[in-house]
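In what follows, a structure is listed as structure tokens, so that the remarks can point back to it.
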Amino acid sequence: MADDRRAVAVLDVYGTLRTKILDLQLPPDERVNIDAIAREFGVSQTPIREALSQLEGDNLIIRTPGKGYRTTPLLGKAELAELFEFRLLVEPWAARAAAVNRLRNPSSALRSSLADFIDNAESSPSVRHLLVAHDTKFHDSILSAGSNDFTLRAYRATHCHLHLFRLHPADYQGKQTVGEHRAIADAVAACDPDAAEKAMHDHLIGAYHRFAEVFSEGIVRGPRIPPAARLF
């Protein structure tokens with residue numbers, strides 16, 4: 001029973017802290033006070049430390065020996081471009097692979113995720129959190145269908161959706177994202193690898209520019225794209 005209560009406490013602390021980090025209620029690059037969190041939740045430090053360890057795995061918390069825990073900084077402009085360069089190398093290929101693999105075609109899962117998001121968006125208290133969950137599931141389903149565990153692990157290790165949505169994208173309600181995801185899902189369902197690759201490429205370019213809006217006006221939108229995009 002004690003172990004069950006601790007597991008519930010860890011899950012509760014993890015979920016609450018994760019939400020606060022994504023909503024910037026816990027500011028980026030901010031020291032995390034374990035004593036204060038323990039008092040807030042009315043639990044010992046043990047479940048707090050276990051929850052923080054899980055958040056380390058999400059790359060939302062950094063632990064420095066002798067200095068304790070801090071929230072991770074936000075992505076910078078250069079890091080944002082590097083992340084999308086990686087995604088442009090991996091995800092158009094993954095969409096193409098998913099579209100030709102008829103036995104593991106993920107179109108049903110993709111369309112189901114889209115339908116769930118659309119159905120719940122209007123009534124959700126936090127469309128942003130709903131969009132994070134949908135975006136994560138949608139892209140993970142495509143990578144998983146490729147049957148390349150090395151690529152899937154490398155992609156998951158970026159925790160890209162958690163870090164990107166801390167930047168508060170311009171597509172706050174997900175309307176542009178839904179349209180782009182629908183084009184990808186339709187191409188995968190049609191087993192059209194060329195269309196699937198192009199739809200994913202176009203989606204990533206659009207997403208990059210939406211997230212880049214958080215930075216200064218010096219970022220040029222429109223034809224300017226990350227260097228790796230020119231490979232496709």
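Residue numbering restarts at 1 for every chain of the structure tokens, chains are lettered A, B, ... in their displayed order, and ligands are numbered from 1 as they appear.
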### Query
as an NGL selection string, which residues of region 41-128 of chain A does DSSP assign to strand (DSSP E)?
:A and (61-64 or 68-71)
Grab the residues selected above and save them as a short mmCIF file (atom, residue, chain, number, x, y, z; two decimals), in the first residue's frame with C-alpha atoms.
data_model
loop_
_atom_site.label_atom_id
_atom_site.label_comp_id
_atom_site.auth_asym_id
_atom_site.auth_seq_id
_atom_site.Cartn_x
_atom_site.Cartn_y
_atom_site.Cartn_z
CA ILE A 61 15.02 19.40 -15.73
CA ILE A 62 18.80 19.51 -15.35
CA ARG A 63 20.56 18.18 -12.25
CA THR A 64 24.01 19.55 -11.46
CA GLY A 68 20.67 20.82 -7.33
CA TYR A 69 17.96 21.01 -10.01
CA ARG A 70 17.05 23.66 -12.57
CA THR A 71 14.52 23.85 -15.36
#
### Query
Can you tell me, as a ChimeraX atom specification, what residues are no more than 12 Å from Lys20 (chain A) when counting only C-alpha atoms, ignoring any on the same chain fewer than 4 positions away?
/A:13-16,24-28,32,55,60,71,129,162,166
#### Entry: Nearest residue to Ser144 (chain A) from the set A:Ala94, A:Met200, A:Ala207, A:Leu80 (distances using only C-alpha atoms)
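Smallest distance to Ser144 (chain A) is found for A:Ala94.
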### Query
Which neighbours of region 145-153 of chain A fall inside 6 Å, counting only C-alpha atoms, when residues of the same chain fewer than 4 positions from it are skipped, and could you give them as a PyMOL selection string?
chain A and resi 94+97-98+104
#### Entry: Surrounding residues of Ala196 (chain A) excluding itself and chain neighbours under 2 positions, 10 Å, only C-alpha atoms, as JSON, numbers by chain
{"A": [92, 93, 94, 95, 96, 97, 98, 99, 100, 183, 184, 185, 186, 187, 188, 189, 190, 191, 192, 193, 194, 198, 199, 200, 201, 202]}
### Query
From the list A:Pro73, A:Pro106, A:Gly66, A:Gly174, which residue is nearest Ala121 (chain A) when using only C-alpha atoms?
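Looking only at the distances to Ala121 (chain A), the closest residue turns out to be A:Gly174.
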From region 39-145 of chain A, collect each residue whose DSSP state is alpha helix (DSSP H) and return the set as a JSON list (two decimals) with N, CA and C atoms, in the first residue's frame.
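Saved result, states_19.json, follows:
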[["chain", "number", "residue", "atom", "x", "y", "z"],
["A", 39, "ARG", "N", 6.58, 20.83, 0.46],
["A", 39, "ARG", "CA", 5.56, 21.48, 1.28],
["A", 39, "ARG", "C", 4.28, 21.73, 0.49],
["A", 40, "GLU", "N", 4.44, 22.11, -0.78],
["A", 40, "GLU", "CA", 3.27, 22.38, -1.62],
["A", 40, "GLU", "C", 2.40, 21.14, -1.79],
["A", 41, "PHE", "N", 3.04, 19.98, -1.98],
["A", 41, "PHE", "CA", 2.30, 18.74, -2.22],
["A", 41, "PHE", "C", 2.01, 17.97, -0.94],
["A", 45, "GLN", "N", 10.44, 14.31, 0.48],
["A", 45, "GLN", "CA", 11.28, 14.64, -0.66],
["A", 45, "GLN", "C", 11.47, 13.47, -1.62],
["A", 46, "THR", "N", 11.22, 12.24, -1.14],
["A", 46, "THR", "CA", 11.46, 11.06, -1.99],
["A", 46, "THR", "C", 10.64, 11.07, -3.28],
["A", 47, "PRO", "N", 9.31, 11.21, -3.23],
["A", 47, "PRO", "CA", 8.56, 11.26, -4.50],
["A", 47, "PRO", "C", 8.90, 12.49, -5.34],
["A", 48, "ILE", "N", 9.31, 13.58, -4.67],
["A", 48, "ILE", "CA", 9.71, 14.78, -5.42],
["A", 48, "ILE", "C", 10.94, 14.47, -6.26],
["A", 49, "ARG", "N", 11.92, 13.82, -5.65],
["A", 49, "ARG", "CA", 13.15, 13.50, -6.37],
["A", 49, "ARG", "C", 12.89, 12.49, -7.49],
["A", 50, "GLU", "N", 11.98, 11.55, -7.26],
["A", 50, "GLU", "CA", 11.65, 10.58, -8.30],
["A", 50, "GLU", "C", 10.97, 11.27, -9.49],
["A", 51, "ALA", "N", 10.08, 12.21, -9.18],
["A", 51, "ALA", "CA", 9.42, 12.95, -10.25],
["A", 51, "ALA", "C", 10.42, 13.81, -11.01],
["A", 52, "LEU", "N", 11.34, 14.44, -10.30],
["A", 52, "LEU", "CA", 12.36, 15.26, -10.96],
["A", 52, "LEU", "C", 13.26, 14.41, -11.84],
["A", 53, "SER", "N", 13.51, 13.17, -11.41],
["A", 53, "SER", "CA", 14.32, 12.26, -12.22],
["A", 53, "SER", "C", 13.61, 11.94, -13.54],
["A", 54, "GLN", "N", 12.28, 11.76, -13.48],
["A", 54, "GLN", "CA", 11.52, 11.53, -14.71],
["A", 54, "GLN", "C", 11.55, 12.76, -15.61],
["A", 55, "LEU", "N", 11.49, 13.93, -15.02],
["A", 55, "LEU", "CA", 11.54, 15.17, -15.81],
["A", 55, "LEU", "C", 12.93, 15.37, -16.41],
["A", 56, "GLU", "N", 13.96, 14.84, -15.74],
["A", 56, "GLU", "CA", 15.30, 14.84, -16.34],
["A", 56, "GLU", "C", 15.27, 14.03, -17.63],
["A", 57, "GLY", "N", 14.56, 12.88, -17.59],
["A", 57, "GLY", "CA", 14.45, 12.05, -18.78],
["A", 57, "GLY", "C", 13.74, 12.75, -19.92],
["A", 77, "LYS", "N", 17.54, 30.50, -31.00],
["A", 77, "LYS", "CA", 17.27, 30.54, -32.44],
["A", 77, "LYS", "C", 18.10, 29.50, -33.19],
["A", 78, "ALA", "N", 19.38, 29.40, -32.86],
["A", 78, "ALA", "CA", 20.23, 28.44, -33.55],
["A", 78, "ALA", "C", 19.81, 27.01, -33.22],
["A", 79, "GLU", "N", 19.45, 26.75, -31.97],
["A", 79, "GLU", "CA", 19.03, 25.41, -31.57],
["A", 79, "GLU", "C", 17.72, 25.02, -32.26],
["A", 80, "LEU", "N", 16.82, 25.99, -32.41],
["A", 80, "LEU", "CA", 15.57, 25.72, -33.11],
["A", 80, "LEU", "C", 15.85, 25.28, -34.54],
["A", 81, "ALA", "N", 16.72, 26.00, -35.23],
["A", 81, "ALA", "CA", 17.06, 25.65, -36.61],
["A", 81, "ALA", "C", 17.73, 24.28, -36.68],
["A", 82, "GLU", "N", 18.62, 23.99, -35.73],
["A", 82, "GLU", "CA", 19.30, 22.69, -35.72],
["A", 82, "GLU", "C", 18.30, 21.55, -35.51],
["A", 83, "LEU", "N", 17.34, 21.77, -34.61],
["A", 83, "LEU", "CA", 16.34, 20.74, -34.35],
["A", 83, "LEU", "C", 15.53, 20.46, -35.60],
["A", 84, "PHE", "N", 15.13, 21.50, -36.33],
["A", 84, "PHE", "CA", 14.33, 21.29, -37.53],
["A", 84, "PHE", "C", 15.18, 20.74, -38.67],
["A", 85, "GLU", "N", 16.46, 21.04, -38.69],
["A", 85, "GLU", "CA", 17.33, 20.41, -39.68],
["A", 85, "GLU", "C", 17.35, 18.89, -39.47],
["A", 86, "PHE", "N", 17.44, 18.48, -38.21],
["A", 86, "PHE", "CA", 17.40, 17.04, -37.90],
["A", 86, "PHE", "C", 16.06, 16.44, -38.31],
["A", 87, "ARG", "N", 14.97, 17.12, -37.98],
["A", 87, "ARG", "CA", 13.65, 16.59, -38.30],
["A", 87, "ARG", "C", 13.44, 16.51, -39.81],
["A", 88, "LEU", "N", 13.98, 17.48, -40.54],
["A", 88, "LEU", "CA", 13.85, 17.45, -42.00],
["A", 88, "LEU", "C", 14.64, 16.31, -42.64],
["A", 89, "LEU", "N", 15.69, 15.88, -41.98],
["A", 89, "LEU", "CA", 16.45, 14.73, -42.47],
["A", 89, "LEU", "C", 15.74, 13.42, -42.20],
["A", 90, "VAL", "N", 14.98, 13.36, -41.11],
["A", 90, "VAL", "CA", 14.40, 12.10, -40.64],
["A", 90, "VAL", "C", 12.92, 11.92, -41.02],
["A", 91, "GLU", "N", 12.10, 12.95, -40.80],
["A", 91, "GLU", "CA", 10.66, 12.74, -40.86],
["A", 91, "GLU", "C", 10.08, 12.65, -42.27],
["A", 92, "PRO", "N", 10.56, 13.40, -43.26],
["A", 92, "PRO", "CA", 10.05, 13.15, -44.62],
["A", 92, "PRO", "C", 10.35, 11.72, -45.08],
["A", 93, "TRP", "N", 11.54, 11.22, -44.73],
["A", 93, "TRP", "CA", 11.86, 9.82, -45.04],
["A", 93, "TRP", "C", 10.89, 8.89, -44.33],
["A", 94, "ALA", "N", 10.60, 9.17, -43.05],
["A", 94, "ALA", "CA", 9.70, 8.31, -42.28],
["A", 94, "ALA", "C", 8.30, 8.31, -42.86],
["A", 95, "ALA", "N", 7.82, 9.48, -43.29],
["A", 95, "ALA", "CA", 6.49, 9.56, -43.91],
["A", 95, "ALA", "C", 6.45, 8.75, -45.21],
["A", 96, "ARG", "N", 7.54, 8.84, -45.96],
["A", 96, "ARG", "CA", 7.61, 8.06, -47.21],
["A", 96, "ARG", "C", 7.59, 6.57, -46.91],
["A", 97, "ALA", "N", 8.35, 6.15, -45.90],
["A", 97, "ALA", "CA", 8.40, 4.73, -45.54],
["A", 97, "ALA", "C", 7.04, 4.25, -45.04],
["A", 98, "ALA", "N", 6.35, 5.09, -44.27],
["A", 98, "ALA", "CA", 5.04, 4.72, -43.75],
["A", 98, "ALA", "C", 4.02, 4.55, -44.87],
["A", 99, "ALA", "N", 4.14, 5.35, -45.92],
["A", 99, "ALA", "CA", 3.17, 5.33, -47.01],
["A", 99, "ALA", "C", 3.31, 4.10, -47.89],
["A", 100, "VAL", "N", 4.47, 3.48, -47.94],
["A", 100, "VAL", "CA", 4.65, 2.31, -48.80],
["A", 100, "VAL", "C", 4.53, 1.02, -48.02],
["A", 107, "SER", "N", -2.17, 5.05, -41.13],
["A", 107, "SER", "CA", -3.17, 6.07, -41.45],
["A", 107, "SER", "C", -4.36, 6.06, -40.49],
["A", 108, "SER", "N", -4.78, 4.88, -40.03],
["A", 108, "SER", "CA", -5.91, 4.82, -39.09],
["A", 108, "SER", "C", -5.58, 5.53, -37.79],
["A", 109, "ALA", "N", -4.36, 5.29, -37.27],
["A", 109, "ALA", "CA", -3.94, 5.95, -36.03],
["A", 109, "ALA", "C", -3.79, 7.45, -36.23],
["A", 110, "LEU", "N", -3.29, 7.86, -37.40],
["A", 110, "LEU", "CA", -3.12, 9.28, -37.68],
["A", 110, "LEU", "C", -4.47, 9.99, -37.74],
["A", 111, "ARG", "N", -5.42, 9.40, -38.44],
["A", 111, "ARG", "CA", -6.74, 10.01, -38.56],
["A", 111, "ARG", "C", -7.49, 10.00, -37.23],
["A", 112, "SER", "N", -7.29, 8.95, -36.45],
["A", 112, "SER", "CA", -7.92, 8.87, -35.12],
["A", 112, "SER", "C", -7.40, 9.97, -34.20],
["A", 113, "SER", "N", -6.08, 10.19, -34.24],
["A", 113, "SER", "CA", -5.48, 11.25, -33.41],
["A", 113, "SER", "C", -6.00, 12.62, -33.82],
["A", 114, "LEU", "N", -6.12, 12.84, -35.13],
["A", 114, "LEU", "CA", -6.67, 14.10, -35.63],
["A", 114, "LEU", "C", -8.12, 14.30, -35.18],
["A", 115, "ALA", "N", -8.91, 13.25, -35.31],
["A", 115, "ALA", "CA", -10.33, 13.35, -34.94],
["A", 115, "ALA", "C", -10.48, 13.64, -33.44],
["A", 116, "ASP", "N", -9.67, 12.98, -32.61],
["A", 116, "ASP", "CA", -9.73, 13.20, -31.17],
["A", 116, "ASP", "C", -9.40, 14.65, -30.83],
["A", 117, "PHE", "N", -8.36, 15.18, -31.48],
["A", 117, "PHE", "CA", -7.97, 16.56, -31.20],
["A", 117, "PHE", "C", -9.08, 17.53, -31.61],
["A", 118, "ILE", "N", -9.61, 17.36, -32.80],
["A", 118, "ILE", "CA", -10.66, 18.26, -33.30],
["A", 118, "ILE", "C", -11.90, 18.19, -32.41],
["A", 119, "ASP", "N", -12.28, 16.97, -32.00],
["A", 119, "ASP", "CA", -13.47, 16.79, -31.17],
["A", 119, "ASP", "C", -13.34, 17.44, -29.80],
["A", 120, "ASN", "N", -12.12, 17.44, -29.26],
["A", 120, "ASN", "CA", -11.92, 17.90, -27.89],
["A", 120, "ASN", "C", -11.40, 19.34, -27.79],
["A", 121, "ALA", "N", -10.96, 19.90, -28.90],
["A", 121, "ALA", "CA", -10.29, 21.21, -28.86],
["A", 121, "ALA", "C", -11.21, 22.31, -28.33],
["A", 127, "VAL", "N", -6.10, 24.07, -24.92],
["A", 127, "VAL", "CA", -5.89, 23.57, -26.28],
["A", 127, "VAL", "C", -4.41, 23.30, -26.51],
["A", 128, "ARG", "N", -3.57, 24.12, -25.89],
["A", 128, "ARG", "CA", -2.13, 23.99, -26.08],
["A", 128, "ARG", "C", -1.63, 22.61, -25.62],
["A", 129, "HIS", "N", -2.07, 22.18, -24.44],
["A", 129, "HIS", "CA", -1.65, 20.87, -23.94],
["A", 129, "HIS", "C", -2.23, 19.74, -24.80],
["A", 130, "LEU", "N", -3.45, 19.94, -25.26],
["A", 130, "LEU", "CA", -4.07, 18.95, -26.15],
["A", 130, "LEU", "C", -3.29, 18.86, -27.45],
["A", 131, "LEU", "N", -2.83, 20.00, -27.96],
["A", 131, "LEU", "CA", -2.07, 20.03, -29.20],
["A", 131, "LEU", "C", -0.71, 19.35, -29.03],
["A", 132, "VAL", "N", -0.08, 19.55, -27.88],
["A", 132, "VAL", "CA", 1.20, 18.88, -27.60],
["A", 132, "VAL", "C", 1.01, 17.37, -27.66],
["A", 133, "ALA", "N", -0.06, 16.88, -26.99],
["A", 133, "ALA", "CA", -0.31, 15.44, -26.94],
["A", 133, "ALA", "C", -0.59, 14.89, -28.34],
["A", 134, "HIS", "N", -1.42, 15.61, -29.10],
["A", 134, "HIS", "CA", -1.74, 15.16, -30.46],
["A", 134, "HIS", "C", -0.51, 15.17, -31.35],
["A", 135, "ASP", "N", 0.25, 16.25, -31.31],
["A", 135, "ASP", "CA", 1.43, 16.38, -32.17],
["A", 135, "ASP", "C", 2.44, 15.29, -31.86],
["A", 136, "THR", "N", 2.65, 15.02, -30.58],
["A", 136, "THR", "CA", 3.58, 13.97, -30.18],
["A", 136, "THR", "C", 3.13, 12.61, -30.71],
["A", 137, "LYS", "N", 1.85, 12.29, -30.51],
["A", 137, "LYS", "CA", 1.32, 10.99, -30.94],
["A", 137, "LYS", "C", 1.36, 10.86, -32.46],
["A", 138, "PHE", "N", 1.00, 11.92, -33.16],
["A", 138, "PHE", "CA", 0.93, 11.88, -34.62],
["A", 138, "PHE", "C", 2.30, 11.58, -35.22],
["A", 139, "HIS", "N", 3.30, 12.35, -34.82],
["A", 139, "HIS", "CA", 4.63, 12.16, -35.40],
["A", 139, "HIS", "C", 5.27, 10.85, -34.94],
["A", 140, "ASP", "N", 5.01, 10.45, -33.70],
["A", 140, "ASP", "CA", 5.57, 9.20, -33.20],
["A", 140, "ASP", "C", 4.99, 8.01, -33.96],
["A", 141, "SER", "N", 3.72, 8.09, -34.32],
["A", 141, "SER", "CA", 3.09, 7.00, -35.07],
["A", 141, "SER", "C", 3.76, 6.80, -36.43],
["A", 142, "ILE", "N", 4.13, 7.91, -37.06],
["A", 142, "ILE", "CA", 4.81, 7.81, -38.36],
["A", 142, "ILE", "C", 6.19, 7.22, -38.21],
["A", 143, "LEU", "N", 6.95, 7.69, -37.22],
["A", 143, "LEU", "CA", 8.29, 7.16, -37.00],
["A", 143, "LEU", "C", 8.23, 5.68, -36.63],
["A", 144, "SER", "N", 7.24, 5.30, -35.81],
["A", 144, "SER", "CA", 7.12, 3.91, -35.37],
["A", 144, "SER", "C", 6.82, 2.97, -36.55],
["A", 145, "ALA", "N", 6.08, 3.46, -37.53],
["A", 145, "ALA", "CA", 5.70, 2.63, -38.67],
["A", 145, "ALA", "C", 6.90, 2.29, -39.56]]
#### Entry: Residue contacts of Leu164 (chain A) (9 Å, only C-alpha atoms) excluding same-chain residues fewer than 5 positions away, as a ChimeraX atom specification
/A:74-75,80,159,169,211
